[in-house]
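Containing mmCIF, C-alpha atoms: model08.cif.
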```cif
data_target
loop_
_atom_site.label_atom_id
_atom_site.label_comp_id
_atom_site.auth_asym_id
_atom_site.auth_seq_id
_atom_site.Cartn_x
_atom_site.Cartn_y
_atom_site.Cartn_z
CA MET V 70 0.00 0.00 0.00
CA ASN V 71 1.40 3.40 -0.94
CA GLN V 72 1.36 6.58 1.17
CA LYS V 73 -1.59 8.17 -0.72
CA THR V 74 -3.79 5.12 -0.23
CA SER V 75 -2.80 4.92 3.44
CA ALA V 76 -3.60 8.62 3.93
CA LYS V 77 -7.01 8.21 2.24
CA ILE V 78 -7.85 5.25 4.48
CA CYS V 79 -6.85 7.22 7.59
CA THR V 80 -8.95 10.20 6.47
CA LEU V 81 -11.94 7.94 5.76
CA PHE V 82 -11.52 6.20 9.13
CA ALA V 83 -11.34 9.56 10.97
CA ALA V 84 -14.47 10.82 9.17
CA CYS V 85 -16.39 7.64 10.08
CA LEU V 86 -15.22 7.88 13.67
CA MET V 87 -16.36 11.52 13.92
CA LEU V 88 -19.77 10.59 12.46
CA ILE V 89 -20.20 7.79 15.00
CA VAL V 90 -19.20 10.07 17.92
CA SER V 91 -21.57 12.84 16.78
CA GLN V 92 -24.43 10.30 16.54
CA LEU V 93 -23.67 9.03 20.06
CA VAL V 94 -23.67 12.59 21.42
CA ALA V 95 -26.96 13.38 19.65
CA THR V 96 -28.53 10.19 20.99
CA ALA V 97 -27.35 10.94 24.54
CA GLN V 98 -28.74 14.48 24.36
CA SER V 99 -32.08 13.30 23.01
CA LYS V 100 -32.52 10.99 26.02
CA GLN V 101 -32.58 13.91 28.43
CA PRO V 102 -36.17 14.15 29.61
CA ASN V 103 -38.19 17.34 29.71
CA LEU V 104 -39.14 18.15 33.31
CA THR V 105 -41.84 20.71 32.50
CA GLY V 106 -44.88 20.35 34.71
CA THR V 107 -46.16 20.57 38.24
CA TRP V 108 -44.92 17.82 40.55
CA LYS V 109 -46.38 16.99 43.96
CA MET V 110 -44.70 14.89 46.66
CA ASN V 111 -46.13 11.47 47.43
CA SER V 112 -45.44 11.38 51.19
CA GLU V 113 -46.13 7.63 51.43
CA LYS V 114 -43.37 6.81 48.94
CA SER V 115 -40.87 9.47 50.10
CA GLN V 116 -38.29 8.77 52.82
CA PHE V 117 -36.59 11.35 55.04
CA GLU V 118 -33.70 10.61 57.42
CA ARG V 119 -34.50 13.47 59.81
CA GLY V 120 -38.15 14.08 59.12
CA GLY V 121 -39.25 16.08 56.14
CA PRO V 122 -41.74 18.67 55.06
CA ASN V 123 -45.47 18.02 55.13
CA GLY V 124 -45.63 18.72 51.42
CA ILE V 125 -43.53 19.70 48.42
CA THR V 126 -44.85 21.02 45.14
CA ILE V 127 -42.40 21.89 42.37
CA LYS V 128 -43.22 23.59 39.11
CA PHE V 129 -40.54 23.18 36.43
CA ASP V 130 -40.50 25.05 33.14
CA HIS V 131 -37.88 23.34 30.99
CA ASN V 132 -36.97 24.61 27.53
CA GLY V 133 -33.72 23.32 26.03
CA SER V 134 -30.91 24.28 28.41
CA SER V 135 -33.11 26.76 30.34
CA LEU V 136 -34.83 25.57 33.48
CA SER V 137 -36.91 27.53 35.97
CA GLU V 138 -38.11 26.08 39.25
CA ALA V 139 -40.73 27.23 41.71
CA MET V 140 -40.63 25.04 44.83
CA PHE V 141 -43.31 25.33 47.50
CA LEU V 142 -42.52 23.66 50.85
CA GLU V 143 -45.13 23.07 53.55
CA THR V 144 -43.37 22.73 56.91
CA GLN V 145 -44.35 22.87 60.57
CA GLY V 146 -42.27 26.04 60.85
CA GLY V 147 -44.21 27.73 58.05
CA ASP V 148 -44.49 27.58 54.31
CA ARG V 149 -41.65 28.62 51.99
CA THR V 150 -41.38 29.29 48.29
CA VAL V 151 -38.11 29.24 46.35
CA GLU V 152 -38.04 30.47 42.75
CA LEU V 153 -34.88 30.00 40.70
CA LYS V 154 -33.69 30.05 37.11
CA TYR V 155 -30.91 27.78 35.85
CA THR V 156 -29.08 26.69 32.76
CA THR V 157 -28.27 23.00 32.45
CA ASP V 158 -24.79 23.60 31.01
CA GLY V 159 -22.86 22.84 34.22
CA LYS V 160 -21.75 26.44 34.81
CA GLN V 161 -21.95 27.82 38.32
CA ALA V 162 -24.43 30.69 38.74
CA ASN V 163 -25.04 33.14 41.57
CA GLN V 164 -28.50 32.95 43.14
CA ASP V 165 -30.02 35.65 45.35
CA ASN V 166 -32.44 33.39 47.23
CA LEU V 167 -31.42 29.85 48.06
CA MET V 168 -33.68 29.08 51.01
CA GLY V 169 -33.42 32.70 52.18
CA ALA V 170 -29.73 33.40 51.49
CA ALA V 171 -27.42 34.23 48.59
CA GLY V 172 -25.47 31.31 47.19
CA GLN V 173 -24.52 29.42 44.05
CA SER V 174 -26.17 26.82 41.89
CA LEU V 175 -24.77 24.40 39.37
CA VAL V 176 -27.05 22.31 37.16
CA LYS V 177 -25.98 19.68 34.66
CA TRP V 178 -27.03 16.43 33.02
CA GLU V 179 -25.38 13.08 33.66
CA GLY V 180 -27.09 10.96 31.03
CA GLU V 181 -30.80 10.98 31.87
CA THR V 182 -30.22 12.28 35.42
CA LEU V 183 -30.32 16.00 36.17
CA LEU V 184 -28.03 17.18 38.97
CA ILE V 185 -29.15 20.34 40.77
CA ASN V 186 -26.58 21.56 43.30
CA TRP V 187 -27.04 24.51 45.64
CA SER V 188 -24.45 25.85 48.06
CA VAL V 189 -24.66 28.59 50.67
CA GLY V 190 -21.48 28.98 52.70
CA ASP V 191 -20.74 25.59 54.30
CA MET V 192 -24.20 24.20 53.52
CA SER V 193 -25.14 22.30 50.38
CA PHE V 194 -28.31 20.82 48.93
CA ASN V 195 -27.71 18.42 46.05
CA ARG V 196 -30.48 16.70 44.11
CA LYS V 197 -30.28 13.88 41.58
CA VAL V 198 -33.47 14.04 39.54
CA THR V 199 -34.75 11.15 37.41
CA LEU V 200 -38.04 10.49 35.66
CA SER V 201 -39.86 7.19 35.32
CA ALA V 202 -40.12 5.71 31.83
CA ASP V 203 -43.74 6.90 31.52
CA GLY V 204 -42.80 10.45 32.64
CA LYS V 205 -45.36 10.48 35.45
CA THR V 206 -43.08 10.00 38.47
CA MET V 207 -40.02 12.04 39.42
CA THR V 208 -37.57 10.73 41.99
CA MET V 209 -35.12 13.05 43.72
CA ILE V 210 -32.24 11.76 45.80
CA VAL V 211 -31.48 14.74 48.03
CA MET V 212 -28.14 14.97 49.83
CA GLN V 213 -27.85 17.79 52.37
CA THR V 214 -24.84 19.00 54.29
CA SER V 215 -25.53 21.29 57.26
CA GLN V 216 -23.28 24.04 58.64
CA ASP V 217 -22.00 21.65 61.31
CA GLY V 218 -20.92 19.18 58.60
CA SER V 219 -23.63 16.62 59.31
CA GLN V 220 -25.17 14.99 56.28
CA SER V 221 -28.47 13.40 55.40
CA THR V 222 -29.86 11.71 52.32
CA ASP V 223 -33.55 11.70 51.50
CA THR V 224 -35.60 10.17 48.70
CA VAL V 225 -38.44 12.35 47.47
CA VAL V 226 -40.99 10.85 45.09
CA LEU V 227 -43.12 13.34 43.19
CA GLU V 228 -46.03 12.69 40.87
CA LYS V 229 -46.87 14.78 37.83
CA GLN V 230 -50.10 16.70 38.20
CA GLN V 231 -52.64 17.04 35.43
CA ALA V 232 -52.54 20.41 33.71
CA VAL V 233 -55.57 22.56 34.50
CA LYS V 234 -57.47 23.42 31.34
#
```

In structure tokens, how does this file's structure come out?
Amino acid sequence: MNQKTSAKICTLFAACLMLIVSQLVATAQSKQPNLTGTWKMNSEKSQFERGGPNGITIKFDHNGSSLSEAMFLETQGGDRTVELKYTTDGKQANQDNLMGAAGQSLVKWEGETLLINWSVGDMSFNRKVTLSADGKTMTMIVMQTSQDGSQSTDTVVLEKQQAVK
């Protein structure tokens, strides 16, 4: 085989390899679910290490790499609402109101799982969000680190609510 033929084969191989990689990337991106909707906690299926809220309702508006979240928490100490906007590109963003304080968020996809990480000083609140195959159940594995360094992991199961017409 001469040098020209060898170079053509290498070029053809590289082109095929790039096509395969781009198809794999496109397939991986297309598997990322759309989280848009209103989700309400199923308290019977959820598990909290240290006790949890009486109720959680989350409204996600998900469009491409833009994600907004309105979370309503019903607790014995009073109700709270947190409203945030994210991008799912894995870049850290400043947030003015993370549970009542300024902090940072970082949101990114790992396959079909969305990671939503909040940090305020020494505290962190990290959620791994997955959807069921039918898109009707959202499961969040929530890992929290308190100011004193103690950690807890909770499983929150949320069910998609029917849109009001």

Determine the residue membership of the PyMOL selection byres ((chain V and resi 211) around 6) for the file above and supply it as a ChimeraX atom specification. /V:195-196,209-210,212,222-223

The PyMOL selection byres ((chain V and resi 202-204) around 12) on the file shown: which residues, as a ChimeraX atom specification? /V:100-106,108,181,199-201,205-208,227-230

Quick one: 4 Å padding each side, axis-aligned, all listed atoms of segment 147-161 of chain V - centre and edge lengths in Å to one decimal, as JSON?
```
{"center_x": -33.1, "center_y": 26.7, "center_z": 44.5, "size_x": 30.7, "size_y": 15.6, "size_z": 35.0}
```

For atom CA of Gly172 of chain V and atom CA of Phe129 of chain V, quote the distance in Å rounded to one decimal.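 Interatomic distance here is 20.2 Å.
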
Neighbours of Ser137 of chain V within 8 Å (all atoms listed in the file; same-chain residues fewer than 4 positions away dropped), as JSON, numbers by chain? {"V": [129, 130, 131, 152, 153, 154, 155]}

For the provided coordinates, the residues matched by the PyMOL selection byres ((chain V and resi 112) around 12) should be stated as a list in words.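 For this structure, the PyMOL selection byres ((chain V and resi 112) around 12) resolves to Lys109, Met110, Asn111, Glu113, Lys114, Ser115, Gln116, Phe117, Gly120, Gly121, Pro122, Asn123, Gly124, Ile125, Thr126, Glu143, Asp223, Thr224, Val225, Val226, Leu227 and Glu228 of chain V.
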
Measure the distance from atom CA of Lys177 of chain V to atom CA of Asn132 of chain V in Å and round it to one decimal.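 Interatomic distance here is 14.0 Å.
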
In Å, rounded to a single decimal, give me how far atom CA of Gly218 of chain V is from atom CA of Ala162 of chain V.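 These two atoms are separated by 23.2 Å.
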
Best match for closeness to Ala232 of chain V among V:Thr107, V:Thr144, V:Gln220, V:Ser215, counting all atoms listed in the file: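 Of V:Thr107, V:Thr144, V:Gln220, V:Ser215, the one nearest Ala232 of chain V is V:Thr107, counting all atoms listed in the file.
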
Which residues are close to Gln213 of chain V, i.e. within 6 Å by only C-alpha atoms, leaving aside same-chain residues fewer than 5 positions away? Reply as a list in words. Ser193, Phe194, Gln220 and Ser221 of chain V

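Residue nearest Gly169 of chain V within the list V:Thr150, V:Gln145, V:Thr214, V:Ser219: V:Thr150 [criterion: smallest interatomic distance, only C-alpha atoms].
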
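Closest approach to Asp191 of chain V from the set V:Leu175, V:Leu136, V:Met168, V:Gln216 is made by V:Gln216, with distances taken over all atoms listed in the file.
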